[in-house]
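Dumped my_file28.txt below, it's compact mmCIF, C-alpha atoms:
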```txt
# COMPACT_ATOMS: atom_id res chain seq x y z
CA MET A 59 16.89 -19.20 32.58
CA LYS A 60 16.69 -18.72 28.82
CA ILE A 61 15.53 -15.26 27.93
CA PHE A 62 14.86 -13.39 24.72
CA ILE A 63 16.27 -9.94 24.00
CA ALA A 64 15.09 -7.58 21.28
CA ALA A 65 18.53 -6.31 20.31
CA GLU A 66 20.20 -3.68 18.17
CA GLY A 67 23.38 -5.71 17.70
CA LYS A 68 24.79 -9.17 18.20
CA ASP A 69 26.74 -8.73 21.45
CA VAL A 70 25.96 -7.54 24.96
CA GLU A 71 27.62 -4.17 24.32
CA ALA A 72 24.83 -3.32 21.90
CA ASN A 73 21.65 -1.60 22.98
CA VAL A 74 18.27 -3.08 23.64
CA ALA A 75 16.24 -2.26 20.52
CA ALA A 76 13.93 0.73 20.41
CA ARG A 77 11.17 -1.33 18.79
CA PHE A 78 10.26 -4.76 20.04
CA ALA A 79 9.19 -7.00 17.16
CA ARG A 80 10.88 -4.88 14.50
CA CYS A 81 14.27 -4.99 16.23
CA ASP A 82 17.42 -5.69 14.20
CA VAL A 83 18.53 -8.80 16.04
CA LEU A 84 16.67 -11.61 17.80
CA MET A 85 18.91 -12.58 20.69
CA GLY A 86 18.66 -15.52 23.07
CA TYR A 87 20.58 -15.45 26.35
CA ASP A 88 21.17 -18.07 29.01
CA THR A 89 21.36 -16.39 32.41
CA ASP A 90 22.70 -19.56 34.10
CA ASN A 91 25.85 -19.80 31.98
CA ASP A 92 25.91 -16.11 31.05
CA GLU A 93 26.18 -16.73 27.35
CA ILE A 94 24.49 -15.71 24.16
CA ILE A 95 22.59 -18.71 22.77
CA GLU A 96 21.69 -17.10 19.49
CA ALA A 97 21.87 -13.72 17.75
CA VAL A 98 20.16 -13.73 14.38
CA ASP A 99 19.13 -10.99 11.99
CA ASN A 100 15.42 -10.50 12.53
CA PRO A 101 13.72 -11.93 9.42
CA TYR A 102 10.39 -10.38 10.39
CA LYS A 103 11.74 -6.84 10.76
CA ASP A 104 10.16 -5.41 7.62
CA GLY A 105 7.01 -7.56 7.63
CA MET A 106 3.79 -6.01 6.38
CA GLY A 107 1.84 -6.57 9.57
CA GLY A 108 1.33 -8.81 12.53
CA VAL A 109 5.05 -8.74 13.27
CA GLY A 110 4.36 -8.59 17.01
CA VAL A 111 2.45 -11.85 16.77
CA LYS A 112 5.14 -13.45 14.61
CA VAL A 113 8.00 -12.61 16.96
CA SER A 114 5.94 -13.63 19.99
CA ASN A 115 5.33 -17.00 18.34
CA TYR A 116 9.07 -17.28 17.72
CA ILE A 117 9.85 -16.54 21.38
CA ALA A 118 7.30 -19.08 22.60
CA GLU A 119 8.47 -21.77 20.17
CA LYS A 120 12.07 -21.34 21.26
CA GLY A 121 10.98 -21.82 24.86
CA TYR A 122 12.19 -18.48 26.20
CA GLU A 123 10.71 -17.69 29.61
CA ALA A 124 11.08 -13.94 29.52
CA ALA A 125 11.65 -11.19 26.98
CA ILE A 126 13.70 -8.03 27.39
CA GLY A 127 12.85 -5.12 25.15
CA PRO A 128 11.21 -1.75 24.88
CA HIS A 129 7.47 -1.44 25.42
CA THR A 130 5.68 -4.06 23.38
CA GLY A 131 2.86 -3.34 20.96
CA PRO A 132 -0.72 -4.47 21.70
CA ASN A 133 -0.52 -7.73 19.73
CA ALA A 134 2.83 -8.80 21.15
CA THR A 135 1.73 -7.83 24.66
CA ASN A 136 -1.35 -10.01 24.34
CA ALA A 137 0.42 -12.95 22.73
CA LEU A 138 3.30 -12.96 25.23
CA LYS A 139 0.93 -12.66 28.15
CA GLU A 140 -1.16 -15.62 26.98
CA ALA A 141 2.01 -17.64 26.42
CA GLY A 142 3.08 -16.86 29.97
CA ILE A 143 6.22 -15.00 28.91
CA GLU A 144 7.24 -12.12 31.12
CA VAL A 145 8.17 -8.85 29.45
CA PHE A 146 11.01 -6.98 31.14
CA THR A 147 11.10 -3.42 29.83
CA PHE A 148 14.56 -1.90 29.58
CA GLN A 149 16.35 0.76 27.60
CA GLY A 150 20.11 0.91 27.35
CA LYS A 151 22.94 -1.57 26.90
CA ILE A 152 22.08 -5.26 26.78
CA LYS A 153 24.65 -6.11 29.47
CA ASP A 154 22.98 -3.64 31.82
CA ALA A 155 19.57 -5.04 30.92
CA ILE A 156 20.72 -8.56 31.80
CA LYS A 157 22.17 -7.32 35.07
CA ALA A 158 18.94 -5.55 35.98
CA PHE A 159 16.90 -8.58 34.97
CA LYS A 160 19.00 -10.90 37.12
CA GLU A 161 18.82 -8.59 40.10
CA ALA A 162 15.06 -8.28 39.80
CA HIS A 163 14.75 -12.06 39.70
CA ASN A 164 17.38 -12.86 42.34
CA LEU A 165 19.43 -14.80 39.82
CA MET B 138 -18.86 3.17 -18.25
CA LYS B 139 -17.47 3.69 -14.79
CA ILE B 140 -15.83 6.99 -13.95
CA ALA B 141 -13.97 7.08 -10.64
CA ILE B 142 -13.42 10.38 -8.89
CA ALA B 143 -10.23 10.31 -6.83
CA SER B 144 -7.83 12.91 -5.51
CA GLY B 145 -4.86 11.98 -3.42
CA LYS B 146 -5.36 14.76 -0.91
CA GLY B 147 -8.60 14.72 1.09
CA GLY B 148 -10.96 17.68 1.02
CA THR B 149 -10.22 18.78 -2.52
CA GLY B 150 -13.79 18.27 -3.67
CA LYS B 151 -14.30 14.66 -4.77
CA THR B 152 -17.84 14.61 -3.44
CA LEU B 153 -18.64 18.09 -4.78
CA ILE B 154 -17.56 16.99 -8.25
CA SER B 155 -18.93 13.44 -8.24
CA THR B 156 -22.38 14.47 -6.99
CA ALA B 157 -22.45 17.30 -9.53
CA LEU B 158 -21.55 14.82 -12.28
CA ALA B 159 -24.27 12.41 -11.15
CA LEU B 160 -26.92 15.13 -10.86
CA SER B 161 -26.00 16.64 -14.24
CA ASN B 162 -26.13 13.40 -16.16
CA LYS B 163 -29.66 12.02 -16.07
CA GLY B 164 -29.94 8.27 -15.84
CA SER B 165 -26.51 7.91 -14.27
CA ALA B 166 -25.70 6.17 -11.01
CA TYR B 167 -23.68 7.29 -8.02
CA VAL B 168 -21.63 4.91 -5.86
CA ASP B 169 -20.09 6.25 -2.67
CA MET B 170 -17.01 4.17 -1.97
CA ASP B 171 -15.52 6.68 0.42
CA VAL B 172 -16.71 4.26 3.09
CA GLU B 173 -14.88 5.82 5.99
CA GLU B 174 -16.74 9.07 5.49
CA PRO B 175 -19.51 8.65 2.93
CA ASN B 176 -21.33 11.93 2.47
CA GLY B 177 -22.56 11.95 -1.11
CA ALA B 178 -26.04 11.08 0.18
CA ILE B 179 -26.27 14.56 1.68
CA PHE B 180 -26.36 15.96 -1.87
CA ILE B 181 -27.94 13.12 -3.82
CA LYS B 182 -30.69 12.78 -1.19
CA PRO B 183 -31.54 9.23 -2.25
CA ARG B 184 -34.56 7.16 -1.33
CA VAL B 185 -32.85 4.24 0.44
CA GLU B 186 -34.63 0.98 -0.33
CA ARG B 187 -32.30 -1.66 1.03
CA GLU B 188 -29.79 -1.75 3.78
CA LEU B 189 -27.64 -4.78 4.37
CA ARG B 190 -24.94 -5.68 6.79
CA TYR B 191 -21.78 -6.86 5.07
CA THR B 192 -19.77 -9.66 6.63
CA VAL B 193 -16.46 -11.38 5.98
CA PRO B 194 -15.58 -14.90 7.15
CA ILE B 195 -13.19 -15.31 10.05
CA PRO B 196 -12.01 -18.51 11.75
CA LYS B 197 -13.44 -19.76 15.01
CA PHE B 198 -11.37 -22.32 16.87
CA ASP B 199 -12.80 -25.32 18.70
CA LEU B 200 -10.16 -25.96 21.34
CA ASN B 201 -11.64 -29.39 22.14
CA ILE B 202 -10.76 -30.57 18.63
CA CYS B 203 -7.62 -28.48 18.01
CA THR B 204 -4.35 -30.40 18.40
CA PHE B 205 -2.31 -27.16 18.72
CA CYS B 206 -0.09 -28.27 15.86
CA GLY B 207 0.36 -24.64 14.80
CA LYS B 208 -0.04 -25.27 11.06
CA CYS B 209 -2.63 -22.49 10.78
CA ALA B 210 -0.35 -19.92 12.44
CA GLU B 211 2.51 -21.02 10.20
CA ALA B 212 0.39 -20.71 7.05
CA CYS B 213 -1.14 -17.34 7.91
CA VAL B 214 0.83 -14.73 5.96
CA TYR B 215 -0.91 -11.95 7.90
CA ASN B 216 0.29 -13.37 11.24
CA ALA B 217 -3.22 -13.25 12.64
CA ILE B 218 -2.92 -16.48 14.62
CA SER B 219 -0.78 -17.45 17.57
CA VAL B 220 -0.88 -21.05 18.83
CA ILE B 221 0.45 -21.73 22.32
CA PRO B 222 0.67 -25.52 22.80
CA GLN B 223 1.97 -25.26 26.39
CA ALA B 224 -1.11 -23.31 27.46
CA LYS B 225 -3.45 -25.09 25.01
CA LYS B 226 -4.48 -21.72 23.63
CA VAL B 227 -5.07 -20.24 20.21
CA LEU B 228 -4.98 -16.46 19.95
CA PHE B 229 -6.74 -14.90 17.01
CA PHE B 230 -6.04 -11.29 16.04
CA GLU B 231 -9.19 -10.30 14.21
CA GLU B 232 -7.86 -6.99 12.90
CA LEU B 233 -4.97 -8.73 11.14
CA CYS B 234 -7.17 -11.35 9.44
CA HIS B 235 -7.78 -10.94 5.70
CA SER B 236 -10.44 -13.70 5.47
CA CYS B 237 -8.32 -15.76 3.08
CA GLY B 238 -9.37 -19.07 4.65
CA VAL B 239 -5.92 -20.66 4.50
CA CYS B 240 -6.04 -21.57 8.21
CA ASN B 241 -9.10 -23.71 7.59
CA PHE B 242 -7.53 -25.13 4.44
CA VAL B 243 -4.34 -26.36 6.12
CA CYS B 244 -5.91 -27.51 9.39
CA PRO B 245 -5.48 -31.31 9.73
CA ALA B 246 -7.96 -31.56 12.61
CA ARG B 247 -11.35 -31.63 10.96
CA GLY B 248 -13.77 -29.28 12.68
CA ALA B 249 -11.16 -27.47 14.76
CA ILE B 250 -11.67 -24.37 12.61
CA VAL B 251 -15.04 -23.21 11.39
CA GLU B 252 -15.62 -20.01 9.50
CA VAL B 253 -18.02 -17.56 11.08
CA PRO B 254 -19.19 -14.21 9.72
CA ARG B 255 -17.79 -10.98 11.05
CA GLU B 256 -19.75 -7.80 10.36
CA ILE B 257 -17.60 -5.00 8.97
CA GLY B 258 -19.99 -2.49 7.49
CA THR B 259 -23.29 -1.55 5.91
CA ILE B 260 -24.25 -1.23 2.26
CA LYS B 261 -27.19 1.02 1.42
CA ILE B 262 -28.95 0.80 -1.90
CA GLY B 263 -31.49 3.31 -3.14
CA ASN B 264 -33.09 5.13 -6.06
CA GLY B 265 -33.97 1.83 -7.72
CA GLY B 266 -30.38 0.61 -7.47
CA SER B 267 -28.71 3.67 -8.94
CA PHE B 268 -27.47 4.85 -5.56
CA VAL B 269 -25.08 2.68 -3.57
CA GLU B 270 -23.26 3.68 -0.42
CA GLY B 271 -20.86 1.77 1.81
CA ILE B 272 -20.27 2.61 5.46
CA LEU B 273 -17.37 0.97 7.24
CA ASP B 274 -17.99 0.07 10.88
CA ILE B 275 -16.03 2.08 13.40
CA GLY B 276 -12.87 0.26 14.46
CA VAL B 277 -12.54 -1.87 11.32
CA PRO B 278 -8.96 -1.27 10.17
CA SER B 279 -9.27 -2.04 6.45
CA SER B 280 -11.98 -0.88 4.09
CA VAL B 281 -10.84 -3.06 1.17
CA PRO B 282 -13.08 -6.10 1.92
CA LEU B 283 -16.15 -3.85 2.09
CA LEU B 284 -15.14 -2.09 -1.13
CA SER B 285 -14.73 -5.34 -3.01
CA GLY B 286 -18.03 -6.58 -1.55
CA MET B 287 -19.82 -3.44 -2.77
CA LYS B 288 -18.96 -4.34 -6.35
CA LYS B 289 -21.69 -6.99 -6.34
CA TYR B 290 -24.12 -4.11 -6.01
CA TYR B 291 -22.73 -1.94 -8.78
CA PRO B 292 -25.73 -0.42 -10.57
CA ASP B 293 -26.71 -1.54 -14.07
CA ASN B 294 -26.76 2.05 -15.33
CA GLU B 295 -24.67 2.76 -18.37
CA LEU B 296 -22.90 5.61 -16.62
CA ILE B 297 -21.64 5.16 -13.06
CA PHE B 298 -19.78 7.72 -10.98
CA ILE B 299 -17.65 6.26 -8.22
CA ASP B 300 -16.77 8.57 -5.36
CA SER B 301 -13.41 7.17 -4.21
CA PRO B 302 -11.66 7.35 -0.88
CA PRO B 303 -8.84 9.88 -0.52
CA GLY B 304 -5.20 8.84 -0.50
CA THR B 305 -3.18 6.60 -2.80
CA SER B 306 -3.19 3.28 -0.96
CA CYS B 307 -5.10 -0.03 -1.21
CA PRO B 308 -8.65 1.40 -0.84
CA VAL B 309 -8.06 3.79 -3.75
CA VAL B 310 -6.54 1.07 -5.91
CA GLU B 311 -9.46 -1.24 -5.12
CA THR B 312 -11.91 1.50 -6.11
CA VAL B 313 -10.14 2.79 -9.19
CA LYS B 314 -9.11 -0.52 -10.74
CA ASP B 315 -12.57 -1.20 -12.21
CA ALA B 316 -12.97 2.29 -13.64
CA ASN B 317 -12.76 3.09 -17.35
CA PHE B 318 -11.62 6.61 -16.57
CA VAL B 319 -10.35 8.40 -13.48
CA ILE B 320 -11.05 12.04 -12.70
CA LEU B 321 -8.47 13.42 -10.28
CA VAL B 322 -9.84 16.35 -8.34
CA THR B 323 -7.26 18.77 -7.06
CA GLU B 324 -6.97 22.19 -5.54
CA PRO B 325 -4.25 24.63 -6.58
CA THR B 326 -2.33 24.48 -3.31
CA PRO B 327 1.09 22.95 -2.63
CA PHE B 328 -0.53 20.09 -0.68
CA GLY B 329 -3.19 19.51 -3.32
CA LEU B 330 -0.67 19.37 -6.15
CA ASN B 331 1.82 17.26 -4.22
CA ASP B 332 -0.81 14.61 -3.54
CA LEU B 333 -2.14 14.93 -7.08
CA GLY B 334 1.33 13.91 -8.23
CA LEU B 335 1.13 10.78 -6.07
CA ALA B 336 -2.37 9.97 -7.33
CA LEU B 337 -1.16 10.41 -10.91
CA GLU B 338 1.51 7.78 -10.31
CA VAL B 339 -1.19 5.38 -9.13
CA VAL B 340 -3.49 5.84 -12.13
CA ARG B 341 -0.58 5.64 -14.54
CA GLU B 342 0.62 2.45 -12.87
CA LEU B 343 -2.91 1.07 -13.29
CA LYS B 344 -2.92 2.30 -16.90
CA LYS B 345 -6.17 4.18 -16.48
CA PRO B 346 -7.05 7.08 -18.76
CA HIS B 347 -7.41 10.13 -16.58
CA GLY B 348 -7.82 13.89 -16.40
CA ILE B 349 -7.89 16.62 -13.77
CA VAL B 350 -10.68 18.76 -12.40
CA VAL B 351 -9.31 21.79 -10.59
CA ASN B 352 -11.53 22.88 -7.73
CA LYS B 353 -11.23 26.23 -5.95
CA HIS B 354 -9.66 27.73 -9.06
CA GLU B 355 -8.65 31.39 -9.08
CA ASP B 356 -7.34 33.12 -12.19
CA SER B 357 -4.52 34.64 -10.15
CA ASN B 358 -3.24 31.17 -9.24
CA THR B 359 -1.85 29.24 -12.19
CA SER B 360 -0.08 26.51 -10.22
CA ALA B 361 -2.50 23.74 -11.26
CA ARG B 362 -2.24 24.73 -14.92
CA GLU B 363 1.53 24.67 -14.67
CA PHE B 364 1.41 21.29 -12.97
CA ALA B 365 -0.84 19.92 -15.71
CA LYS B 366 1.48 21.18 -18.42
CA GLU B 367 4.56 19.87 -16.70
CA HIS B 368 3.05 16.40 -16.14
CA GLY B 369 1.33 16.15 -19.49
CA VAL B 370 -2.13 15.72 -18.06
CA GLU B 371 -5.31 17.36 -19.22
CA ILE B 372 -7.51 19.75 -17.21
CA LEU B 373 -11.12 18.73 -17.86
CA LEU B 374 -12.76 21.52 -15.88
CA GLU B 375 -11.99 24.34 -13.49
CA VAL B 376 -14.49 25.06 -10.73
CA PRO B 377 -14.01 28.57 -9.38
CA PHE B 378 -13.27 29.37 -5.77
CA ARG B 379 -16.56 31.03 -4.88
CA ARG B 380 -18.14 31.79 -1.55
CA ASP B 381 -21.67 30.94 -2.71
CA ILE B 382 -20.56 27.44 -3.76
CA ALA B 383 -18.86 26.82 -0.41
CA GLU B 384 -21.79 28.16 1.62
CA ALA B 385 -24.33 26.08 -0.27
CA TYR B 386 -22.13 22.99 0.02
CA SER B 387 -21.97 23.42 3.79
CA GLU B 388 -25.77 23.31 3.80
CA GLY B 389 -26.03 20.23 1.62
CA VAL B 390 -26.92 22.08 -1.58
CA PRO B 391 -25.18 20.57 -4.61
CA LEU B 392 -23.09 22.64 -7.00
CA VAL B 393 -25.56 22.31 -9.87
CA ASP B 394 -28.34 23.84 -7.74
CA VAL B 395 -26.21 26.85 -6.82
CA ASP B 396 -25.28 27.48 -10.41
CA PRO B 397 -27.27 25.51 -12.99
CA SER B 398 -24.84 26.62 -15.69
CA PHE B 399 -22.61 23.84 -14.39
CA VAL B 400 -25.05 21.17 -15.62
CA ASN B 401 -23.96 21.59 -19.21
CA ARG B 402 -20.31 21.84 -18.29
CA PHE B 403 -20.44 18.54 -16.43
CA LYS B 404 -22.32 16.95 -19.32
CA GLU B 405 -19.60 18.15 -21.66
CA VAL B 406 -16.94 16.66 -19.40
CA VAL B 407 -18.68 13.28 -19.65
CA GLU B 408 -19.04 13.54 -23.43
CA TYR B 409 -15.37 14.33 -23.70
CA ILE B 410 -14.44 11.42 -21.42
CA LYS B 411 -16.59 9.08 -23.50
CA SER B 412 -14.70 10.06 -26.63
CA ARG B 413 -11.37 9.62 -24.91
CA VAL B 414 -12.24 6.22 -23.44
CA GLY B 415 -13.42 5.17 -26.90
CA ASP B 416 -10.10 6.22 -28.39
CA TYR B 417 -8.23 4.54 -25.57
CA GLU B 418 -10.09 1.28 -25.87
CA SER B 419 -9.62 1.20 -29.61
CA GLY B 420 -5.90 1.46 -29.00
CA GLU B 421 -5.19 5.13 -29.73
CA ARG B 422 -3.56 5.80 -26.43
CA ASP B 423 -2.84 9.33 -25.40
CA SER B 424 0.70 10.33 -24.79
CA ASP B 425 0.10 10.68 -21.07
CA THR B 426 -1.43 7.29 -20.42
```
Represent the structure of the file as structure tokens.
Amino acid sequence: MKIFIAAEGKDVEANVAARFARCDVLMGYDTDNDEIIEAVDNPYKDGMGGVGVKVSNYIAEKGYEAAIGPHTGPNATNALKEAGIEVFTFQGKIKDAIKAFKEAHNL
Amino acid sequence: MKIAIASGKGGTGKTLISTALALSNKGSAYVDMDVEEPNGAIFIKPRVERELRYTVPIPKFDLNICTFCGKCAEACVYNAISVIPQAKKVLFFEELCHSCGVCNFVCPARGAIVEVPREIGTIKIGNGGSFVEGILDIGVPSSVPLLSGMKKYYPDNELIFIDSPPGTSCPVVETVKDANFVILVTEPTPFGLNDLGLALEVVRELKKPHGIVVNKHEDSNTSAREFAKEHGVEILLEVPFRRDIAEAYSEGVPLVDVDPSFVNRFKEVVEYIKSRVGDYESGERDSDT
């Protein structure tokens, strides 16, 4: 499964970001092959407004099926829900988040 | 001539001063643009003749026509639209929309987007047009569209006092940018003077001639005078910190009714401003503007 992670850094040793849409790094992860698909500096990080919507659109366009991050804001929550993208709330290291996600989904 | 009364910090006395100015200068008009908390009417006691609901256009999506191409969401700089082709859904975030109309403009599917009105506030007009008040609806996040809409109803009077919102952000800029002169009302407290400094930066950036009115002045406290000297800005008037003024204000009695000697002082302030604006507009800019 391809999942999105709101990340603080570009590898799995980094932490899950403290803010969802305004995270430092947009990370994509493939749970089947256990590899990072992408890790890009978040271009929307310092946007004026509607960043939750913007990042949710990004996640949906990229075809991610779930998103790992901190609690999402109201706009992102709504947009992700309507797009059918599950939000998996986690705080701590990304590698632990992936482990917890896989366990919760029997992957 | 439009004179805006602004402050930076809230509660320094913008409404006290602007209503006193309006009541002292016969034939003038009063516009309450503090739309999140308009209370000048308590002192002006206008006869309200018209009340209209103000609307802004927002998009409405016809999902039978929409092709879910996502061009609208891509074009929206405010990120107010989310298009989900898989689910054949368009999410619209009303509170992010700035009514710019670009979604409709870029939409290739004719009729998929129509603009519908969204009510955001009320404009009240009274005293033969020389009283205007805006009231923002509860829950509307930005007052700027209502403020710009109110400008169509600016009175024809030669002298207009504009009671501005507090702060130093977009609503203040929107209010102050049309003014010929800005009165900054402050109180001689650390908070008052700190925010006065921020407000000064705004009016200087906008290149507006300006001066200070110090409210709640006490002779023992010279901090506002020192601030004025340090920042090269003029004090137009000092209103003393007096219990009778505060008590009357809490009962809706304007300053000029408590102490009619203020009438002439507020008239003098306006005369002085007129001379300064004249100088300014003829190019003799003051050192501080």
Next item on the list: Give as a list in words every residue, naming chains and numbers as the document does, that has an atom within 10 Å of (-0.3, -27.8, 10.9), counting all atoms listed in the file.
Entry: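 Neighbouring residues, ordered by chain and number, come to Thr204, Phe205, Cys206, Gly207, Lys208, Cys209, Ala210, Glu211, Ala212, Cys240, Val243, Cys244, Pro245 and Ala246 of chain B.
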Next item on the list: Give me the residues within 10 Å of His368 in chain B as a VMD selection string, counting only C-alpha atoms and dropping any in the same chain fewer than 5 places off.
Entry: chain B and resid 334 337 362 to 363 425
Checklist line | Who sits within 7 Å of range 59-63 of chain A, all atoms listed in the file, same chain under 4 positions skipped, as a ChimeraX atom specification | finding: /A:84-90,117,122-127
Next item on the list: Using CA of Gly286 in chain B and CA of Met170 in chain B as the two end points, give the distance in Å to one decimal.
Entry: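 Computing the Euclidean distance for CA of Gly286 in chain B and CA of Met170 in chain B yields 10.8 Å.
With all atoms listed in the file taken into account, chain A has Met106, Gly107, Gly108, Val109, Val111, Lys112, Asn115, Ala118, Asn133, Ala137, Glu140 and Ala141 of chain A at most 8 Å from chain B.
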Create the file for the chosen residues now, containing C-alpha atoms and written as a CSV table (one decimal), keeping the file's coordinate frame.
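Now in selection.csv:
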```csv
chain,number,residue,atom,x,y,z
A,106,MET,CA,3.8,-6.0,6.4
A,107,GLY,CA,1.8,-6.6,9.6
A,108,GLY,CA,1.3,-8.8,12.5
A,109,VAL,CA,5.0,-8.7,13.3
A,111,VAL,CA,2.4,-11.8,16.8
A,112,LYS,CA,5.1,-13.4,14.6
A,115,ASN,CA,5.3,-17.0,18.3
A,118,ALA,CA,7.3,-19.1,22.6
A,133,ASN,CA,-0.5,-7.7,19.7
A,137,ALA,CA,0.4,-13.0,22.7
A,140,GLU,CA,-1.2,-15.6,27.0
A,141,ALA,CA,2.0,-17.6,26.4
```
Check: CA of Gly145 in chain B to CA of Ile299 in chain B: how many Å, to one decimal?
Finding: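 Answer for the CA of Gly145 in chain B to CA of Ile299 in chain B separation: 14.8 Å.
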Can you write range 106-157 of chain A from the block above with C-alpha atoms, as a tab-separated table (two decimals), in the first residue's frame?
```tsv
chain	number	residue	atom	x	y	z
A	106	MET	CA	-1.11	31.92	3.47
A	107	GLY	CA	-4.13	29.71	3.99
A	108	GLY	CA	-5.94	26.62	2.87
A	109	VAL	CA	-2.76	24.59	3.22
A	110	GLY	CA	-4.72	21.64	4.61
A	111	VAL	CA	-6.79	21.55	1.45
A	112	LYS	CA	-3.71	21.91	-0.75
A	113	VAL	CA	-1.81	19.04	0.86
A	114	SER	CA	-4.94	16.86	0.89
A	115	ASN	CA	-5.30	17.47	-2.84
A	116	TYR	CA	-1.65	16.50	-3.27
A	117	ILE	CA	-2.16	13.25	-1.34
A	118	ALA	CA	-5.26	12.35	-3.35
A	119	GLU	CA	-3.62	13.18	-6.69
A	120	LYS	CA	-0.63	11.00	-5.87
A	121	GLY	CA	-2.99	8.13	-5.13
A	122	TYR	CA	-1.96	7.56	-1.52
A	123	GLU	CA	-4.47	5.41	0.35
A	124	ALA	CA	-3.65	6.52	3.86
A	125	ALA	CA	-1.88	9.38	5.60
A	126	ILE	CA	0.24	9.24	8.74
A	127	GLY	CA	0.60	12.44	10.71
A	128	PRO	CA	-0.42	14.35	13.78
A	129	HIS	CA	-4.04	15.40	14.22
A	130	THR	CA	-5.26	17.03	11.04
A	131	GLY	CA	-6.92	20.43	10.87
A	132	PRO	CA	-10.63	20.78	10.02
A	133	ASN	CA	-10.12	21.40	6.29
A	134	ALA	CA	-7.66	18.55	5.80
A	135	THR	CA	-9.83	16.22	7.88
A	136	ASN	CA	-12.82	16.99	5.68
A	137	ALA	CA	-10.95	16.79	2.39
A	138	LEU	CA	-9.19	13.52	3.25
A	139	LYS	CA	-12.40	11.97	4.49
A	140	GLU	CA	-14.25	12.85	1.29
A	141	ALA	CA	-11.36	11.49	-0.77
A	142	GLY	CA	-11.56	8.25	1.18
A	143	ILE	CA	-8.05	8.57	2.61
A	144	GLU	CA	-7.57	7.16	6.07
A	145	VAL	CA	-5.72	9.29	8.60
A	146	PHE	CA	-3.48	7.33	10.96
A	147	THR	CA	-2.50	9.56	13.87
A	148	PHE	CA	0.97	8.94	15.26
A	149	GLN	CA	3.65	10.83	17.11
A	150	GLY	CA	7.24	9.66	17.21
A	151	LYS	CA	9.73	8.20	14.76
A	152	ILE	CA	8.54	7.47	11.23
A	153	LYS	CA	9.85	3.89	11.37
A	154	ASP	CA	7.74	3.25	14.47
A	155	ALA	CA	4.75	4.89	12.80
A	156	ILE	CA	5.08	2.58	9.80
A	157	LYS	CA	5.39	-0.43	12.08
```
